[in-house]
Structure formats: structure tokens, C-alpha cells
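> What follows is a structure written as C-alpha cells; I'll ask about it next.
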Amino acid sequence: MGIQDIIEGKKQWRAHMARVKALPADYQIVYKEMQRYLFKVGPVDLPDGPLLPGIVDFFEEGAAAGKGVLELTGNDVAAFCDDLIKDSPTYADLYQDSKREGSGTVER
């Protein structure tokens, strides 16, 4: 990864966060909580993948339609996040796989 890639990545991230800041306040709060949750348990490709921009797209559409953020996500935002990443490999999955491979035990 060269310096140009780093600079371009920062530009993209700043543009992404500008979109988040343009959302209504309740959407921003839920987005930031989702982001925090996903960075803890989320998929391996989270920083470079389409998930976070997709959430912003979804929220922008909901806000434009006049819906409340919890109408979109439901009351259990963590469950909503889990559903978004259910088929994606996570760092926890990679860790568990490495422990299984390194343990020398036979799986049944």
C-alpha cells in the first residue's frame, strides 16, 4: 500500500463521514453505534467493503422518506447488525479457526 492509496483512503473516509453528518441526528446516533459494534465484531472486509456505505445509502433513503431510524432497523440494532454480517467471515471466526488448526485436536 503506497502513500497515494493511504491518501485516497482518507479522502474516501472523510467523504463517507460527511454523508453521515448530513443525516438527521437520530440517524447519526444509530449509525455511530452500529459502526462501533461492527468494528468490534464485524466482517474482515469492513473498512474497505460495501457495508458501511450501504448503511448510509439505506439511512439516506429512509430519512428522505420521512421514516424514523428505528422503523428501518427495529429496536434491537445489534440484531440488525448481526443479520447484516451473518454470512461474512469475521475476525472472531478467523481467530477460532486458527485456534482449531493450532490445537492439534481432531474435530468430530
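Here's how to read the names in the C-alpha cells: chain A, B, ... by the order shown, residue numbers from 1 in each chain, ligand numbers from 1 in the order shown.
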Please list as a PDB file with N, CA and C atoms, in the first residue's frame every residue within 10 Å of Leu72 (chain A), counting only C-alpha atoms and excluding residues in the same chain fewer than 4 positions away.

```pdb
ATOM      1  N   PHE A  58     -28.890   3.344   2.781  1.00  0.00           N
ATOM      2  CA  PHE A  58     -30.153   2.899   3.358  1.00  0.00           C
ATOM      3  C   PHE A  58     -30.745   3.968   4.274  1.00  0.00           C
ATOM      4  N   PHE A  59     -29.890   4.571   5.105  1.00  0.00           N
ATOM      5  CA  PHE A  59     -30.347   5.618   6.017  1.00  0.00           C
ATOM      6  C   PHE A  59     -30.760   6.880   5.266  1.00  0.00           C
ATOM      7  N   GLY A  62     -34.180   6.251   3.913  1.00  0.00           N
ATOM      8  CA  GLY A  62     -35.166   6.276   4.995  1.00  0.00           C
ATOM      9  C   GLY A  62     -35.459   7.684   5.470  1.00  0.00           C
ATOM     10  N   ALA A  63     -34.411   8.487   5.601  1.00  0.00           N
ATOM     11  CA  ALA A  63     -34.591   9.878   6.044  1.00  0.00           C
ATOM     12  C   ALA A  63     -35.363  10.670   4.991  1.00  0.00           C
ATOM     13  N   LYS A  67     -39.010   8.477   7.416  1.00  0.00           N
ATOM     14  CA  LYS A  67     -39.125   7.406   8.406  1.00  0.00           C
ATOM     15  C   LYS A  67     -38.149   7.640   9.555  1.00  0.00           C
ATOM     16  N   GLY A  68     -38.517   7.159  10.718  1.00  0.00           N
ATOM     17  CA  GLY A  68     -37.609   7.186  11.857  1.00  0.00           C
ATOM     18  C   GLY A  68     -36.586   6.073  11.708  1.00  0.00           C
ATOM     19  N   VAL A  77     -30.863  -2.932  17.523  1.00  0.00           N
ATOM     20  CA  VAL A  77     -29.924  -2.535  16.471  1.00  0.00           C
ATOM     21  C   VAL A  77     -28.790  -3.550  16.341  1.00  0.00           C
ATOM     22  N   PHE A  80     -29.944  -6.292  14.209  1.00  0.00           N
ATOM     23  CA  PHE A  80     -29.955  -5.816  12.830  1.00  0.00           C
ATOM     24  C   PHE A  80     -28.548  -5.925  12.231  1.00  0.00           C
TER      25      PHE A  80
END
```
> Which residues, written as a ChimeraX atom specification, have at least one atom at most 12 Å from Arg36 (chain A), with only C-alpha atoms counted and residues fewer than 4 positions away on the same chain left out?
/A:29-32,40-42,46,52,77-78,81
> From a backbone DSSP assignment, name each residue in chain A labelled helix (DSSP H, G or I), as a ChimeraX atom specification.
/A:3-21,25-41,51-64,69-73,77-84,91-103
> Just C-alpha atoms for this one: save the residues we selected as a CSV table (one decimal), in the first residue's frame.

```csv
chain,number,residue,atom,x,y,z
A,3,ILE,CA,1.2,6.7,0.1
A,4,GLN,CA,-1.3,7.5,-2.7
A,5,ASP,CA,-3.5,4.7,-1.5
A,6,ILE,CA,-3.5,6.0,2.0
A,7,ILE,CA,-4.3,9.5,0.9
A,8,GLU,CA,-7.2,8.2,-1.3
A,9,GLY,CA,-8.5,6.1,1.5
A,10,LYS,CA,-8.6,9.1,3.9
A,11,LYS,CA,-10.4,11.2,1.3
A,12,GLN,CA,-13.0,8.4,0.8
A,13,TRP,CA,-13.4,8.0,4.6
A,14,ARG,CA,-13.9,11.8,5.1
A,15,ALA,CA,-16.4,11.9,2.3
A,16,HIS,CA,-18.2,8.9,3.9
A,17,MET,CA,-18.3,10.6,7.3
A,18,ALA,CA,-19.6,13.9,5.7
A,19,ARG,CA,-22.5,11.9,4.4
A,20,VAL,CA,-23.1,10.5,7.9
A,21,LYS,CA,-23.0,14.1,9.4
A,25,ALA,CA,-29.4,13.5,14.5
A,26,ASP,CA,-31.2,10.2,15.4
A,27,TYR,CA,-29.8,8.5,12.3
A,28,GLN,CA,-26.3,9.7,13.2
A,29,ILE,CA,-26.5,8.3,16.7
A,30,VAL,CA,-27.7,4.9,15.5
A,31,TYR,CA,-25.1,4.8,12.7
A,32,LYS,CA,-22.3,5.6,15.1
A,33,GLU,CA,-23.5,2.8,17.5
A,34,MET,CA,-23.7,0.4,14.5
A,35,GLN,CA,-20.2,1.4,13.4
A,36,ARG,CA,-18.8,0.9,16.9
A,37,TYR,CA,-20.5,-2.5,17.1
A,38,LEU,CA,-19.4,-3.6,13.6
A,39,PHE,CA,-15.8,-2.6,14.2
A,40,LYS,CA,-15.8,-4.8,17.3
A,41,VAL,CA,-17.4,-7.9,15.8
A,51,LEU,CA,-21.3,-2.5,4.2
A,52,LEU,CA,-20.8,0.9,5.8
A,53,PRO,CA,-21.6,2.9,2.6
A,54,GLY,CA,-24.6,0.7,2.1
A,55,ILE,CA,-25.9,1.5,5.6
A,56,VAL,CA,-25.5,5.2,4.8
A,57,ASP,CA,-27.4,4.8,1.5
A,58,PHE,CA,-30.2,2.9,3.4
A,59,PHE,CA,-30.3,5.6,6.0
A,60,GLU,CA,-30.4,8.4,3.4
A,61,GLU,CA,-33.3,6.8,1.7
A,62,GLY,CA,-35.2,6.3,5.0
A,63,ALA,CA,-34.6,9.9,6.0
A,64,ALA,CA,-35.8,11.1,2.6
A,69,VAL,CA,-34.3,5.3,12.1
A,70,LEU,CA,-35.8,2.6,14.4
A,71,GLU,CA,-38.5,2.0,11.8
A,72,LEU,CA,-35.7,0.9,9.5
A,73,THR,CA,-33.5,-1.1,11.9
A,77,VAL,CA,-29.9,-2.5,16.5
A,78,ALA,CA,-27.3,-5.2,17.4
A,79,ALA,CA,-29.5,-7.9,16.0
A,80,PHE,CA,-30.0,-5.8,12.8
A,81,CYS,CA,-26.2,-5.6,12.5
A,82,ASP,CA,-25.8,-9.3,13.2
A,83,ASP,CA,-28.2,-10.0,10.4
A,84,LEU,CA,-26.2,-7.8,8.0
A,91,TYR,CA,-12.1,-11.6,12.9
A,92,ALA,CA,-13.6,-13.8,15.6
A,93,ASP,CA,-14.2,-16.6,13.0
A,94,LEU,CA,-10.6,-16.3,11.9
A,95,TYR,CA,-9.4,-16.5,15.4
A,96,GLN,CA,-11.5,-19.5,16.2
A,97,ASP,CA,-10.3,-21.2,13.0
A,98,SER,CA,-6.6,-20.5,13.9
A,99,LYS,CA,-7.2,-21.9,17.4
A,100,ARG,CA,-8.8,-25.1,16.0
A,101,GLU,CA,-6.0,-25.6,13.5
A,102,GLY,CA,-3.3,-24.9,16.1
A,103,SER,CA,-4.7,-27.1,18.8
```
> Could you tell me which of A:Gly2, A:Gly49, A:Gly74, A:Pro43 comes closest to Ser88 (chain A) if we count only C-alpha atoms?
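For Ser88 (chain A), the nearest of the given residues is A:Pro43.
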